[in-house]
Amino acid sequence: MAATRIDCDIHPAVGGTRTTLLPYLDDHWKEQVVSRAIDGLDLTSYPPNMPLSGRADWRPTNGKPGSDLAMVQRGAFDQLGASHAICNVLYGAQAVYDPYMAAAFCKAINDWIASEWLARDSRLRASIAIPLQAPDLAIEEIERRASDNRFVSVLVLAQGESLLGRRHYWPVWQAAQKHQLPIAIHAGSQYRQAPSSIGWPSYRYEYYLAEAQAFQAQILSLIYEGVFVKFPGLKVVLMESGVSWLPAFMWRANKTWRGVRVEVPWIDREPAAIMRDHIRLTTQPFDSPPDAKGVADIIDMIGSDKMFLFASDYPHWQFDGDDAIPPHLPANIVSRMCADNPLETFPRLSLAA
Amino acid sequence: MSDVIDRPVLEQEASATTRLRIIDCDIHPSLHARSDLNPFLSRRWKEHLKTYGDHLRTPYIGTTPYPRSSPLIARRDAWPPTGGPPGSDLDFMRKQHLDPLDVEFGMLQVLDMFIFSQQNLEFGAAIQRAVNEWQLAHWTSREPRLKAAILVGQDDTQAAVAEIERCAKLGQYVQINVSPRANEPLGRRRYWPIYALAEELDLPLGIHVGGYGGHAPAGGGWPSYYAEEHQSNAHTMAATLTSLVIEGVPARFPRLKIVFIEGGFGWISSAMWRMDQHFERFRAEVPYLKRRPSEYVRQNFWFTTQPIDEPDEAKHLRSLIEWVGIDRLLFSSDYPHWDFDDPRFAVRTPLTDVERQKIFNGNARALYKL
């Protein structure tokens with residue numbers, strides 16, 4: 001089937017560690033999760049009952065939004081019109097402190113998504129959940145999946161233990177580049193530190209808004225640490241980051257770099273140019289200006305038609321109705337973001353599954 | 001690159017600005033030495049300052065954790081010929097900045113002594129009082145163009161309230177300053193007594209970037225480079241705007257005026273769209289918000305312009321200004337720091353005379369009742 005519209009961000013839900021994942025754990029971890037009752041690892045970032053976590057018409061009668069394959073197929077494919085979709089599983093493995101437990105749970109998530117989702121619908125692809133808590137174990141997990149072309153990217157959270165450009169992560173990015181896997185940074189937090197420099201907020205609403213700044217800090221880290229100098233083939237996809245902050249962020253980065261570039265001599269061109277080459281963004285949410293001219297201005301300011309990737313964020317409630325494309329986007333952007341850009345960004349989409 | 005801007009635009013700006021006296025909402029005066037504060041400190045706190053000094057959530061006692069690109073973060077031409085650090089010599093400040101740029105009023109923003117971030121709250125209270133007295137004795141009483149702020153560390157809310165009440169009686173201060181980076185986000189309930197008092201006194205609340213709150217610049221951790229930390233000022237301000245609006249500060253204190261200083265303004269429109277975009281999804285969590293978040297921003301907040309964004313095309317800066325609103329912008333230079341914006345050249349897009357008058361003078365005049 002032709003890839004005409006690739007939804008780059010949908011969220012199948014893990015029911016629980018002692019239920020959904022149990023068959024995919026080895027004997028040691030089976031015994032551990034049962035005898036210690038290790039369960040309930042839904043991320044604090046996305047409580048299942050919160051309106052954002054599941055649009056009303058995408059909530060199953062029983063279970064979490066995104067937990068029912070048939071319902072996801074009806075929503076993401078029949079209703080929203082995708083030809084293919086990339087599954088990004090947001091379940092607590094990425095936030096576990098014990099690195100061995102994190103690795104075991106990531107492996108179980110990946111085995112589960114492969115056998116219960118990818119094997120049942122050839123339109124589905126997935127990101128590899130990795131235990132970034134232990135970079136060596138993260139690399140092991142990437143290598144384990146590398147021969148399965150249905151895994152098309154590597155999934156990490158926007159707010160982790162340290163910024164993603166830091167040198168201790170470079171071996172992980174090297175493995176990703178080797179296997180043509182872009183790094184998908186998804187909204188969400190390990191809750192290791194406050195979501196912004198001002199401290200811990202009272203409300204989830206504030207917390208969610210602060211994700212945008214967390215993504216921006218990750219871009220600066222990846223650029224200034226020299227990740228794209230070291231790994232020129234690497235692409236980074238921001239998932240559920242919002243989009244409309246990008247122009248002013250690019251300008252501030254260029255201005256700052258002009259002023260202090262003596263500190264990072266390995267960066268020899270404007271940060272915005274590096275962003276246009278290496279950073280991609282999914283289009284839900286867009287956080288649009290209210291009018292068509294405003295949206296056209298934002299697109300014009302960003303200065304690239306290659307950076308946008310179609311995504312619904314299913315089953316998260318980002319929009320109503322059947323059209324996941326944000327309002328007022330110019331036709332030239334829409335025509336590229338549905339298939340051309342995803343196929344360029346995720347090279348493994350073009351490989352035989 | 002920004003130098004694609006047409007030359008005639010710049011010339012037109014320069015000539016227009018020479019006819020307009022400006023109000024500069026961000027000027028940094030500096031102590032010659034910390035001992036300048038001795039006349040305003042009790043013996044105990046003089047001894048404490050000498051013996052223990054600052055206790056801040058940062059690794060070094062003598063410098064910032066991210067070395068700046070120039071000594072003391074300053075313009076290299078701003079060191080006074082009489083000695084002392086940039087911003088410490090009033091005569092030189094007049095000669096280099098106030099007179100040639102025709103500054104009608106300048107808002108003092110004292111960053112020395114990190115009063116907002118002192119872990120020892122009693123010491124913080126002592127030096128905040130000293131700095132507030134020093135501003136009058138060394139600056140505003142000698143130069144009527146300069147205007148002082150009541151600096152308070154909000155983490156000792158009681159001491160902050162007492163200091164605001166003491167200073168307000170003197171009638172010499174034009175705003176109350178708190179820090180965006182402290183123990184908790186500024187929207188949190190523990191800080192509301194300060195806002196109630198600011199509203200009652202009708203003094204704007206000034207929030208200048210900086211502080212050592214102990215939290216990493218963003219949720220993903222500590223950056224390695226000044227290039228990252230410097231840009232994170234915008235992230236701090238976006239989070240602060242979110243906190244104040246979403247935790248309901250303008251909803252509860254509708255006449256409170258809040259000024260964001262040295263955050264720039266490029267990030268504001270997107271922050272408003274993002275708050276509005278997700279309002280319906282989250283409003284059950286914040287039922288006290290009766291209006292869309294952007295409406296509070298447009299009613300209660302003002303923003304200083306520096307560091308002004310420099311898009312490649314002049315029309316893009318124009319869009320940015322219109323999105324934020326001409327009425328919400330206050331010109332600021334950040335003198336004498338390295339990323340100073342020169343009022344003659346900083347706004348690289350055409351403005352009408354009315355718009356120019358508002359941004360460079362009228363908005364601040366009305367806000368601060370000058």
# chains A, B, ... in the order shown; residues from 1 in each chain; ligands from 1
>>> interface_residues(of="chain A", to="chain B", cutoff="7 Å", atoms="only C-alpha atoms", output="MDAnalysis selection string")
chainID A and resid 51:52 158:163 193:201 205:206 209:210 213:214 217 220:221 244:245 248 251:253 255:257 260 287:289 301
>>> residues_around(residues="Pro12 (chain A)", least_positions_apart="6", cutoff="10 Å", atoms="only C-alpha atoms", output="PyMOL selection string")
chain A and resi 64-69+72+86-91+113+117+126+314-315
>>> write_last_selection(atoms="C-alpha atoms", output="CSV table (one decimal), in the first residue's frame")
chain,number,residue,atom,x,y,z
A,64,LYS,CA,-7.1,3.4,28.8
A,65,PRO,CA,-7.3,5.5,25.6
A,66,GLY,CA,-5.2,3.8,23.0
A,67,SER,CA,-5.4,0.4,24.5
A,68,ASP,CA,-7.7,-1.2,22.0
A,69,LEU,CA,-6.2,-2.0,18.6
A,72,VAL,CA,-7.1,2.8,17.2
A,86,ILE,CA,4.1,5.4,13.9
A,87,CYS,CA,3.4,4.1,17.4
A,88,ASN,CA,5.1,5.9,20.3
A,89,VAL,CA,4.5,4.1,23.6
A,90,LEU,CA,4.6,6.3,26.6
A,91,TYR,CA,4.7,4.0,29.5
A,113,ILE,CA,4.3,-3.6,20.3
A,117,TRP,CA,0.4,-4.3,17.1
A,126,ALA,CA,7.0,1.9,15.9
A,314,TYR,CA,-4.1,10.0,18.6
A,315,PRO,CA,-5.7,9.4,21.1
>>> residues_around(residues="Phe123 (chain B)", least_positions_apart="6", cutoff="12 Å", atoms="only C-alpha atoms", output="mmCIF file with N, CA and C atoms, in the first residue's frame")
data_model
loop_
_atom_site.group_PDB
_atom_site.id
_atom_site.type_symbol
_atom_site.label_atom_id
_atom_site.label_comp_id
_atom_site.auth_asym_id
_atom_site.auth_seq_id
_atom_site.Cartn_x
_atom_site.Cartn_y
_atom_site.Cartn_z
ATOM 1 N N LEU B 41 24.405 48.892 56.586
ATOM 2 C CA LEU B 41 24.283 47.601 57.262
ATOM 3 C C LEU B 41 24.609 47.731 58.743
ATOM 4 N N SER B 42 23.949 46.922 59.552
ATOM 5 C CA SER B 42 24.296 46.870 60.970
ATOM 6 C C SER B 42 25.636 46.153 61.115
ATOM 7 N N ARG B 44 26.381 43.537 62.753
ATOM 8 C CA ARG B 44 26.272 42.083 62.569
ATOM 9 C C ARG B 44 26.341 41.701 61.086
ATOM 10 N N TRP B 45 25.592 42.414 60.254
ATOM 11 C CA TRP B 45 25.521 42.017 58.839
ATOM 12 C C TRP B 45 26.762 42.454 58.071
ATOM 13 N N LYS B 46 27.435 43.530 58.555
ATOM 14 C CA LYS B 46 28.741 43.876 57.962
ATOM 15 C C LYS B 46 29.718 42.726 58.192
ATOM 16 N N GLU B 47 29.720 42.228 59.427
ATOM 17 C CA GLU B 47 30.609 41.110 59.763
ATOM 18 C C GLU B 47 30.238 39.855 58.968
ATOM 19 N N HIS B 48 28.954 39.611 58.865
ATOM 20 C CA HIS B 48 28.483 38.430 58.136
ATOM 21 C C HIS B 48 28.907 38.504 56.665
ATOM 22 N N LEU B 49 28.723 39.671 56.094
ATOM 23 C CA LEU B 49 29.090 39.866 54.681
ATOM 24 C C LEU B 49 30.567 39.554 54.463
ATOM 25 N N LYS B 50 31.387 40.035 55.431
ATOM 26 C CA LYS B 50 32.831 39.847 55.307
ATOM 27 C C LYS B 50 33.232 38.386 55.575
ATOM 28 N N TYR B 52 31.142 35.371 55.947
ATOM 29 C CA TYR B 52 30.469 34.265 55.252
ATOM 30 C C TYR B 52 30.076 34.616 53.825
ATOM 31 N N GLY B 53 29.730 35.869 53.599
ATOM 32 C CA GLY B 53 29.341 36.292 52.252
ATOM 33 C C GLY B 53 28.036 35.659 51.801
ATOM 34 N N ASP B 54 27.900 35.555 50.479
ATOM 35 C CA ASP B 54 26.682 34.988 49.900
ATOM 36 C C ASP B 54 26.578 33.501 50.177
ATOM 37 N N HIS B 55 25.346 33.043 50.303
ATOM 38 C CA HIS B 55 25.106 31.603 50.215
ATOM 39 C C HIS B 55 24.037 31.414 49.153
ATOM 40 N N LEU B 56 24.503 31.040 47.960
ATOM 41 C CA LEU B 56 23.622 30.946 46.795
ATOM 42 C C LEU B 56 23.656 29.528 46.243
ATOM 43 N N MET B 113 24.728 41.614 44.416
ATOM 44 C CA MET B 113 24.400 41.016 45.725
ATOM 45 C C MET B 113 23.303 39.955 45.665
ATOM 46 N N PHE B 114 22.726 39.722 44.495
ATOM 47 C CA PHE B 114 21.788 38.598 44.355
ATOM 48 C C PHE B 114 20.798 38.543 45.520
ATOM 49 N N ILE B 115 20.211 39.676 45.819
ATOM 50 C CA ILE B 115 19.375 39.696 47.018
ATOM 51 C C ILE B 115 18.198 38.733 46.916
ATOM 52 N N PHE B 116 17.792 38.439 45.667
ATOM 53 C CA PHE B 116 16.631 37.570 45.485
ATOM 54 C C PHE B 116 16.945 36.117 45.843
ATOM 55 N N SER B 117 18.227 35.783 45.868
ATOM 56 C CA SER B 117 18.587 34.364 45.899
ATOM 57 C C SER B 117 19.348 33.955 47.144
ATOM 58 N N ARG B 129 17.468 45.747 52.127
ATOM 59 C CA ARG B 129 17.247 47.087 52.660
ATOM 60 C C ARG B 129 18.427 47.993 52.332
ATOM 61 N N ALA B 130 19.650 47.459 52.476
ATOM 62 C CA ALA B 130 20.840 48.260 52.184
ATOM 63 C C ALA B 130 20.873 48.686 50.719
ATOM 64 N N GLY B 153 13.462 40.021 48.121
ATOM 65 C CA GLY B 153 13.543 38.576 47.913
ATOM 66 C C GLY B 153 12.226 37.979 48.346
ATOM 67 N N ASP B 156 11.209 35.211 51.548
ATOM 68 C CA ASP B 156 10.768 35.623 52.885
ATOM 69 C C ASP B 156 9.666 36.656 52.664
ATOM 70 N N ALA B 159 9.165 39.520 55.252
ATOM 71 C CA ALA B 159 10.189 40.559 55.199
ATOM 72 C C ALA B 159 10.021 41.408 53.950
#
>>> atom_distance(atom1="CA of Arg36 (chain A)", atom2="CA of Pro131 (chain A)")
20.9 Å
>>> atom_distance(atom1="CA of Pro254 (chain B)", atom2="CA of Phe303 (chain B)")
17.6 Å
>>> select_by_dssp(residues="region 153-210 of chain A", states="strand (DSSP E or B)", output="compact mmCIF listing (two decimals) with N, CA and C atoms, in the first residue's frame")
# COMPACT_ATOMS: atom_id res chain seq x y z
N SER A 153 12.38 4.58 14.50
CA SER A 153 13.01 5.67 15.23
C SER A 153 13.26 5.24 16.67
N VAL A 154 13.97 6.08 17.40
CA VAL A 154 14.30 5.82 18.79
C VAL A 154 13.58 6.85 19.64
N LEU A 155 12.89 6.39 20.68
CA LEU A 155 12.02 7.28 21.45
C LEU A 155 12.66 7.67 22.79
N VAL A 156 12.73 8.96 23.05
CA VAL A 156 13.19 9.46 24.35
C VAL A 156 12.24 10.57 24.81
N LEU A 157 12.30 10.89 26.10
CA LEU A 157 11.43 11.93 26.65
C LEU A 157 12.11 13.30 26.61
N ALA A 158 11.29 14.34 26.52
CA ALA A 158 11.81 15.70 26.44
C ALA A 158 12.51 16.13 27.73
N GLN A 159 12.10 15.55 28.86
CA GLN A 159 12.69 15.96 30.13
C GLN A 159 13.24 14.73 30.85
N ILE A 183 16.11 10.34 16.11
CA ILE A 183 15.77 10.40 17.53
C ILE A 183 14.43 11.11 17.67
N ALA A 184 13.44 10.40 18.17
CA ALA A 184 12.14 11.01 18.41
C ALA A 184 12.08 11.46 19.87
N ILE A 185 12.07 12.77 20.07
CA ILE A 185 11.93 13.31 21.43
C ILE A 185 10.45 13.61 21.63
N HIS A 186 9.85 12.91 22.58
CA HIS A 186 8.42 13.13 22.81
C HIS A 186 8.19 13.90 24.10
N ALA A 187 7.16 14.73 24.13
CA ALA A 187 6.76 15.41 25.35
C ALA A 187 6.63 14.40 26.47
N GLY A 188 7.04 14.80 27.67
CA GLY A 188 6.96 13.89 28.80
C GLY A 188 8.20 14.05 29.66
N SER A 189 8.09 13.63 30.91
CA SER A 189 9.18 13.89 31.84
C SER A 189 9.45 12.68 32.72
N SER A 196 10.85 23.62 34.65
CA SER A 196 11.45 24.85 34.15
C SER A 196 12.33 25.43 35.24
>>> atom_distance(atom1="CA of Pro193 (chain B)", atom2="CA of Leu329 (chain B)")
26.9 Å
>>> residues_around(residues="Gln177 (chain A)", least_positions_apart="2", cutoff="9 Å", atoms="only C-alpha atoms", output="PyMOL selection string")
chain A and resi 172-175+179-183+231-235
>>> select_by_dssp(residues="region 136-269 of chain B", states="helix (DSSP H, G or I)", output="VMD selection string")
chain B and resid 136 to 140 157 to 170 189 to 201 226 to 246 249 to 252 268 to 269
>>> residues_around(residues="Gln318 (chain A)", least_positions_apart="2", cutoff="7 Å", atoms="only C-alpha atoms", output="ChimeraX atom specification")
/A:284-285,316
>>> write_last_selection(atoms="C-alpha atoms", output="PDB file, in the first residue's frame")
ATOM      1  CA  GLN A 284      -0.136  18.370  16.587  1.00  0.00           C
ATOM      2  CA  PRO A 285      -0.329  20.572  18.489  1.00  0.00           C
ATOM      3  CA  HIS A 316      -4.597  12.663  22.743  1.00  0.00           C
TER       4      HIS A 316
END
>>> residues_around(residues="Ala3 (chain A)", least_positions_apart="5", cutoff="10 Å", atoms="only C-alpha atoms", output="JSON, numbers by chain")
{"A": [82, 83, 84, 85, 123, 338, 339, 340, 342, 343, 349, 350]}
>>> closest_residue(among="A:Ala146, A:Leu22, A:Leu164, A:Leu80", to="Arg5 (chain A)", atoms="only C-alpha atoms")
A:Leu80
